[in-house]
Amino acid sequence: MPRVVVDVMPKPEILDPQGKAVHGALPRLGFSGVTDVRQGKRFELAFDGEVTDDVLAEVEKMAETLLSNPVIENFTVRVEEGA
Amino acid sequence: MKVGVVTFPGSLDDVDAQRAVRVGGHEAVALWHGDHDLQGVDAVVLPGGFSYGDYLRCGAISRFSPVMTEVIDAAGRGMPVLGICNGFQILCESHLLPGALIRNDHRKFVCRDQSLRIENNRTPWTSAYAEGDVVTIVLKNGEGGFVADDETLDRLEGDGRVVARYLGDNPNGSLRDIAGITNDRGNVVGLMPHPEHAVESLTGAGTDGLGFFTSLAESVFS
């Protein structure tokens, strides 16, 4: 079944305290070289039938209405086949 | 006046808010998130807590609850609405107030007696105060950092829509030390600190929060 994946990320100008915490933890575990971490969310939406353009347009609406808060977050929508 | 206090699944401070409403001289009416019914109240308080477990984003699910459809509608007609802490987050998610509240910049939950300056006493929730009054009210939040783009912040400041500002160390990273704001019309107020916990000296730092609940009466008679 095809799935539609919505990735939601905090806008670049918005402080991301969770990403900062993860970034701070990496060197303590011996991982070096990471200059920044941003933490977002991934939504996987399953559908029964084919993912048409209409379905994708609906998902766009879902993403801007509920899945993300456009004041502080950006999102991308894509189809993942054969998952 | 009849003041409704909404209980969402995960609300914590609804009973305290009801008590504060009564101490403030009004009738408290319990409202349920799942009802399309404001029971004829004259004003609404959205209390603090962790509605819907803060899932997705704080206030994001509550915003679409049946009672919020009615609250949004009533707010549009001018009904006074006060959102405290989680209630403030719900008002931002509902787009009744601009901006958003994000995790505290220092990443820790903060719980302390917080000093605030009242900057706008022209709302139905703050008319009992004088502009510039310094009050101490409990602050307790994990996601209380108020953010908005510069243009929105400038507009809030320019229109005098910052209702209260933090004094001393900024407790949560809120931009421009903003603790509370109001909408364009002035009937909807969002506040991160908890005035309902500061209405009786027995159980708090004092009674500085009481003004938020007595203001309603003053605004009716003014």
# chains A, B, ... in the order shown; residues from 1 in each chain; ligands from 1
call {"tool": "residues_around", "arguments": {"residues": "Val44 in chain B", "least_positions_apart": "6", "cutoff": "7 Å", "atoms": "only C-alpha atoms", "output": "PDB file with N, CA and C atoms, in the first residue's frame"}}
result
ATOM      1  N   VAL B   3     -19.259  32.460  34.335  1.00  0.00           N
ATOM      2  CA  VAL B   3     -17.978  32.256  33.670  1.00  0.00           C
ATOM      3  C   VAL B   3     -17.753  30.753  33.478  1.00  0.00           C
ATOM      4  N   GLY B   4     -17.659  30.330  32.244  1.00  0.00           N
ATOM      5  CA  GLY B   4     -17.442  28.919  31.941  1.00  0.00           C
ATOM      6  C   GLY B   4     -15.961  28.565  32.036  1.00  0.00           C
ATOM      7  N   VAL B   5     -15.676  27.397  32.584  1.00  0.00           N
ATOM      8  CA  VAL B   5     -14.301  26.890  32.617  1.00  0.00           C
ATOM      9  C   VAL B   5     -14.313  25.541  31.893  1.00  0.00           C
ATOM     10  N   PRO B  80     -15.564  37.664  26.297  1.00  0.00           N
ATOM     11  CA  PRO B  80     -14.251  37.599  26.931  1.00  0.00           C
ATOM     12  C   PRO B  80     -13.775  36.144  27.081  1.00  0.00           C
ATOM     13  N   VAL B  81     -12.570  35.882  26.638  1.00  0.00           N
ATOM     14  CA  VAL B  81     -11.968  34.554  26.758  1.00  0.00           C
ATOM     15  C   VAL B  81     -10.575  34.718  27.347  1.00  0.00           C
ATOM     16  N   LEU B  82     -10.287  33.957  28.398  1.00  0.00           N
ATOM     17  CA  LEU B  82      -8.953  33.976  29.011  1.00  0.00           C
ATOM     18  C   LEU B  82      -8.355  32.587  28.911  1.00  0.00           C
TER      19      LEU B  82
END
call {"tool": "interface_residues", "arguments": {"of": "chain A", "to": "chain B", "cutoff": "10 Å", "atoms": "only C-alpha atoms", "output": "PyMOL selection string"}}
result
chain A and resi 13-18+20-21+41+65-72
call {"tool": "write_last_selection", "arguments": {"atoms": "C-alpha atoms", "output": "short mmCIF file (atom, residue, chain, number, x, y, z; two decimals), in the first residue's frame"}}
result
data_model
loop_
_atom_site.label_atom_id
_atom_site.label_comp_id
_atom_site.auth_asym_id
_atom_site.auth_seq_id
_atom_site.Cartn_x
_atom_site.Cartn_y
_atom_site.Cartn_z
CA GLU A 13 14.64 30.83 12.66
CA ILE A 14 12.73 29.08 15.46
CA LEU A 15 14.78 27.85 18.40
CA ASP A 16 14.77 24.05 18.65
CA PRO A 17 15.60 23.17 22.28
CA GLN A 18 15.13 19.43 21.68
CA LYS A 20 19.99 21.40 20.91
CA ALA A 21 19.74 18.79 23.68
CA LYS A 41 8.33 14.91 13.13
CA THR A 65 -4.31 22.51 9.39
CA LEU A 66 -3.32 19.91 11.96
CA LEU A 67 0.00 18.15 11.39
CA SER A 68 2.04 21.36 11.45
CA ASN A 69 1.70 24.80 12.95
CA PRO A 70 2.65 27.13 10.08
CA VAL A 71 3.68 29.81 12.57
CA ILE A 72 6.67 27.78 13.72
#
call {"tool": "residues_around", "arguments": {"residues": "range 20-22 of chain B", "least_positions_apart": "2", "cutoff": "12 Å", "atoms": "only C-alpha atoms", "output": "PyMOL selection string"}}
result
chain B and resi 1-5+13-18+24-30+43-45+47+82+125+194-200+207-217
call {"tool": "write_last_selection", "arguments": {"atoms": "C-alpha atoms", "output": "PDB file, in the first residue's frame"}}
result
ATOM      1  CA  MET B   1     -21.563  36.882  35.629  1.00  0.00           C
ATOM      2  CA  LYS B   2     -21.516  33.262  34.518  1.00  0.00           C
ATOM      3  CA  VAL B   3     -17.978  32.256  33.670  1.00  0.00           C
ATOM      4  CA  GLY B   4     -17.442  28.919  31.941  1.00  0.00           C
ATOM      5  CA  VAL B   5     -14.301  26.890  32.617  1.00  0.00           C
ATOM      6  CA  ASP B  13      -6.187  23.614  36.722  1.00  0.00           C
ATOM      7  CA  ASP B  14      -9.859  23.642  35.804  1.00  0.00           C
ATOM      8  CA  VAL B  15     -11.000  23.245  39.418  1.00  0.00           C
ATOM      9  CA  ASP B  16      -8.616  25.959  40.627  1.00  0.00           C
ATOM     10  CA  ALA B  17      -9.882  28.212  37.846  1.00  0.00           C
ATOM     11  CA  GLN B  18     -13.490  27.553  38.869  1.00  0.00           C
ATOM     12  CA  GLY B  24     -13.686  36.778  42.071  1.00  0.00           C
ATOM     13  CA  GLY B  25     -17.420  37.065  42.681  1.00  0.00           C
ATOM     14  CA  HIS B  26     -18.832  35.144  39.732  1.00  0.00           C
ATOM     15  CA  GLU B  27     -20.666  31.926  39.084  1.00  0.00           C
ATOM     16  CA  ALA B  28     -18.408  29.190  37.716  1.00  0.00           C
ATOM     17  CA  VAL B  29     -19.899  26.901  35.092  1.00  0.00           C
ATOM     18  CA  ALA B  30     -18.108  23.667  34.202  1.00  0.00           C
ATOM     19  CA  ALA B  43     -17.118  34.563  29.512  1.00  0.00           C
ATOM     20  CA  VAL B  44     -14.864  31.530  29.173  1.00  0.00           C
ATOM     21  CA  VAL B  45     -11.617  30.442  30.833  1.00  0.00           C
ATOM     22  CA  PRO B  47      -7.395  26.449  32.062  1.00  0.00           C
ATOM     23  CA  LEU B  82      -8.953  33.976  29.011  1.00  0.00           C
ATOM     24  CA  TRP B 125      -9.512  40.462  32.247  1.00  0.00           C
ATOM     25  CA  HIS B 194      -1.331  31.238  36.523  1.00  0.00           C
ATOM     26  CA  PRO B 195      -3.418  33.964  38.203  1.00  0.00           C
ATOM     27  CA  GLU B 196      -5.888  31.310  39.413  1.00  0.00           C
ATOM     28  CA  HIS B 197      -3.165  30.042  41.783  1.00  0.00           C
ATOM     29  CA  ALA B 198      -2.755  33.493  43.310  1.00  0.00           C
ATOM     30  CA  VAL B 199      -6.186  34.363  44.639  1.00  0.00           C
ATOM     31  CA  GLU B 200      -5.920  33.232  48.279  1.00  0.00           C
ATOM     32  CA  THR B 207      -3.586  37.384  45.929  1.00  0.00           C
ATOM     33  CA  ASP B 208      -2.142  39.346  43.030  1.00  0.00           C
ATOM     34  CA  GLY B 209      -3.906  37.121  40.522  1.00  0.00           C
ATOM     35  CA  LEU B 210      -7.376  37.894  41.769  1.00  0.00           C
ATOM     36  CA  GLY B 211      -7.634  40.970  39.549  1.00  0.00           C
ATOM     37  CA  PHE B 212      -7.931  38.753  36.474  1.00  0.00           C
ATOM     38  CA  PHE B 213     -11.196  37.415  37.889  1.00  0.00           C
ATOM     39  CA  THR B 214     -12.612  40.611  39.436  1.00  0.00           C
ATOM     40  CA  SER B 215     -11.873  42.635  36.277  1.00  0.00           C
ATOM     41  CA  LEU B 216     -14.882  41.088  34.539  1.00  0.00           C
ATOM     42  CA  ALA B 217     -17.249  42.806  36.957  1.00  0.00           C
TER      43      ALA B 217
END
call {"tool": "atom_distance", "arguments": {"atom1": "CA of Gly48 in chain B", "atom2": "CA of Ile84 in chain B"}}
result
5.4 Å
call {"tool": "closest_residue", "arguments": {"among": "B:Asn120, B:Leu97, B:Arg112, B:Arg185", "to": "Thr152 in chain B", "atoms": "only C-alpha atoms"}}
result
B:Leu97
call {"tool": "select_by_dssp", "arguments": {"residues": "chain A", "states": "alpha helix (DSSP H)", "output": "number ranges by chain"}}
result
A: 17-28, 53-62
call {"tool": "write_last_selection", "arguments": {"atoms": "C-alpha atoms", "output": "mmCIF file, in the first residue's frame"}}
result
data_model
loop_
_atom_site.group_PDB
_atom_site.id
_atom_site.type_symbol
_atom_site.label_atom_id
_atom_site.label_comp_id
_atom_site.auth_asym_id
_atom_site.auth_seq_id
_atom_site.Cartn_x
_atom_site.Cartn_y
_atom_site.Cartn_z
ATOM 1 C CA PRO A 17 15.604 23.169 22.278
ATOM 2 C CA GLN A 18 15.131 19.429 21.676
ATOM 3 C CA GLY A 19 17.550 19.435 18.761
ATOM 4 C CA LYS A 20 19.994 21.396 20.907
ATOM 5 C CA ALA A 21 19.736 18.793 23.681
ATOM 6 C CA VAL A 22 20.457 15.987 21.208
ATOM 7 C CA HIS A 23 23.342 17.963 19.747
ATOM 8 C CA GLY A 24 24.756 18.434 23.235
ATOM 9 C CA ALA A 25 24.507 14.714 23.992
ATOM 10 C CA LEU A 26 26.421 13.519 20.927
ATOM 11 C CA PRO A 27 29.943 14.627 21.969
ATOM 12 C CA ARG A 28 29.357 13.186 25.430
ATOM 13 C CA ASP A 53 -3.342 14.369 -6.919
ATOM 14 C CA ASP A 54 -6.618 14.967 -5.101
ATOM 15 C CA VAL A 55 -5.422 12.842 -2.200
ATOM 16 C CA LEU A 56 -2.138 14.743 -2.115
ATOM 17 C CA ALA A 57 -4.014 18.050 -2.127
ATOM 18 C CA GLU A 58 -6.008 16.773 0.859
ATOM 19 C CA VAL A 59 -2.817 15.795 2.643
ATOM 20 C CA GLU A 60 -1.431 19.285 2.047
ATOM 21 C CA LYS A 61 -4.524 20.629 3.777
ATOM 22 C CA MET A 62 -4.132 18.166 6.662
#
call {"tool": "residues_around", "arguments": {"residues": "Leu45 in chain A", "least_positions_apart": "5", "cutoff": "9 Å", "atoms": "only C-alpha atoms", "output": "list in words"}}
result
Pro2, Arg3, Val4, Val5, Val6 and Val59 of chain A
call {"tool": "closest_residue", "arguments": {"among": "B:Asp113, B:Glu157, B:Asp150, B:Asp184", "to": "Thr136 in chain B", "atoms": "only C-alpha atoms"}}
result
B:Asp113
call {"tool": "atom_distance", "arguments": {"atom1": "CA of Val41 in chain B", "atom2": "CA of Gly160 in chain B"}}
result
27.8 Å
call {"tool": "atom_distance", "arguments": {"atom1": "CA of Asn86 in chain B", "atom2": "CA of Pro12 in chain A"}}
result
24.7 Å
call {"tool": "residues_around", "arguments": {"residues": "Cys58 in chain B", "least_positions_apart": "4", "cutoff": "8 Å", "atoms": "only C-alpha atoms", "output": "list in words"}}
result
Phe50, Ser51, Asp54, Asn86, Gln89, Ile90 and Glu143 of chain B
call {"tool": "write_last_selection", "arguments": {"atoms": "C-alpha atoms", "output": "short mmCIF file (atom, residue, chain, number, x, y, z; two decimals), in the first residue's frame"}}
result
data_model
loop_
_atom_site.label_atom_id
_atom_site.label_comp_id
_atom_site.auth_asym_id
_atom_site.auth_seq_id
_atom_site.Cartn_x
_atom_site.Cartn_y
_atom_site.Cartn_z
CA PHE B 50 -1.78 19.07 29.42
CA SER B 51 -4.91 18.73 27.31
CA ASP B 54 0.19 17.64 24.72
CA ASN B 86 -2.20 25.43 28.16
CA GLN B 89 -1.35 27.51 23.79
CA ILE B 90 -4.85 26.50 22.65
CA GLU B 143 6.58 25.00 26.79
#
call {"tool": "select_by_dssp", "arguments": {"residues": "chain A", "states": "strand (DSSP E or B)", "output": "PDB file with C-alpha atoms, in the first residue's frame"}}
result
ATOM      1  CA  ARG A   3       1.927   5.781   2.015  1.00  0.00           C
ATOM      2  CA  VAL A   4       2.092   9.516   2.074  1.00  0.00           C
ATOM      3  CA  VAL A   5       4.855  10.859   4.264  1.00  0.00           C
ATOM      4  CA  VAL A   6       4.646  14.286   5.811  1.00  0.00           C
ATOM      5  CA  ASP A   7       7.837  15.644   7.335  1.00  0.00           C
ATOM      6  CA  VAL A   8       7.435  18.561   9.704  1.00  0.00           C
ATOM      7  CA  MET A   9      10.427  20.633  10.780  1.00  0.00           C
ATOM      8  CA  PRO A  10      10.767  23.690  13.002  1.00  0.00           C
ATOM      9  CA  LYS A  41       8.330  14.915  13.129  1.00  0.00           C
ATOM     10  CA  ARG A  42       7.476  12.356  10.457  1.00  0.00           C
ATOM     11  CA  PHE A  43       3.887  11.310   9.773  1.00  0.00           C
ATOM     12  CA  GLU A  44       3.076   8.240   7.670  1.00  0.00           C
ATOM     13  CA  LEU A  45      -0.448   8.288   6.273  1.00  0.00           C
ATOM     14  CA  ALA A  46      -1.849   5.051   4.831  1.00  0.00           C
ATOM     15  CA  GLU A  73       6.995  24.813  11.347  1.00  0.00           C
ATOM     16  CA  ASN A  74       7.506  23.941   7.674  1.00  0.00           C
ATOM     17  CA  PHE A  75       6.365  20.686   6.094  1.00  0.00           C
ATOM     18  CA  THR A  76       6.949  18.584   2.991  1.00  0.00           C
ATOM     19  CA  VAL A  77       4.627  15.970   1.485  1.00  0.00           C
ATOM     20  CA  ARG A  78       5.807  12.968  -0.562  1.00  0.00           C
ATOM     21  CA  VAL A  79       4.581   9.550  -1.630  1.00  0.00           C
ATOM     22  CA  GLU A  80       6.470   6.467  -0.510  1.00  0.00           C
TER      23      GLU A  80
END
call {"tool": "residues_around", "arguments": {"residues": "Arg122 in chain B", "least_positions_apart": "2", "cutoff": "12 Å", "atoms": "only C-alpha atoms", "output": "mmCIF file with C-alpha atoms, in the first residue's frame"}}
result
data_model
loop_
_atom_site.group_PDB
_atom_site.id
_atom_site.type_symbol
_atom_site.label_atom_id
_atom_site.label_comp_id
_atom_site.auth_asym_id
_atom_site.auth_seq_id
_atom_site.Cartn_x
_atom_site.Cartn_y
_atom_site.Cartn_z
ATOM 1 C CA ILE B 118 0.735 44.587 33.693
ATOM 2 C CA GLU B 119 1.087 46.529 30.442
ATOM 3 C CA ASN B 120 -2.489 46.653 29.214
ATOM 4 C CA PRO B 124 -12.009 42.647 30.353
ATOM 5 C CA TRP B 125 -9.512 40.462 32.247
ATOM 6 C CA THR B 126 -7.089 43.171 33.397
ATOM 7 C CA SER B 127 -9.205 46.253 34.070
ATOM 8 C CA ALA B 128 -8.826 45.800 37.855
ATOM 9 C CA TYR B 129 -5.113 46.588 37.497
ATOM 10 C CA ALA B 130 -3.386 49.856 36.787
ATOM 11 C CA GLU B 131 -1.037 49.984 33.845
ATOM 12 C CA ASP B 159 -0.935 48.286 19.216
ATOM 13 C CA GLY B 160 -0.416 47.886 22.966
ATOM 14 C CA ARG B 161 -1.468 44.257 22.816
ATOM 15 C CA VAL B 162 1.210 42.974 25.186
ATOM 16 C CA VAL B 163 -0.862 42.409 28.337
ATOM 17 C CA ALA B 164 1.888 41.344 30.734
ATOM 18 C CA ILE B 181 -1.066 39.123 24.859
ATOM 19 C CA THR B 182 -4.513 40.056 23.634
ATOM 20 C CA ASN B 183 -6.261 40.008 20.265
ATOM 21 C CA ASP B 184 -7.024 43.036 18.139
ATOM 22 C CA ARG B 185 -10.427 43.534 19.746
ATOM 23 C CA GLY B 186 -9.076 43.065 23.274
ATOM 24 C CA ASN B 187 -11.559 40.435 24.452
ATOM 25 C CA VAL B 188 -9.270 37.394 24.131
ATOM 26 C CA VAL B 189 -6.287 37.211 26.481
ATOM 27 C CA PHE B 212 -7.931 38.753 36.474
ATOM 28 C CA SER B 215 -11.873 42.635 36.277
ATOM 29 C CA LEU B 216 -14.882 41.088 34.539
ATOM 30 C CA GLU B 218 -15.487 46.134 36.588
ATOM 31 C CA SER B 219 -15.609 45.989 32.816
ATOM 32 C CA SER B 222 -17.545 50.672 33.242
#
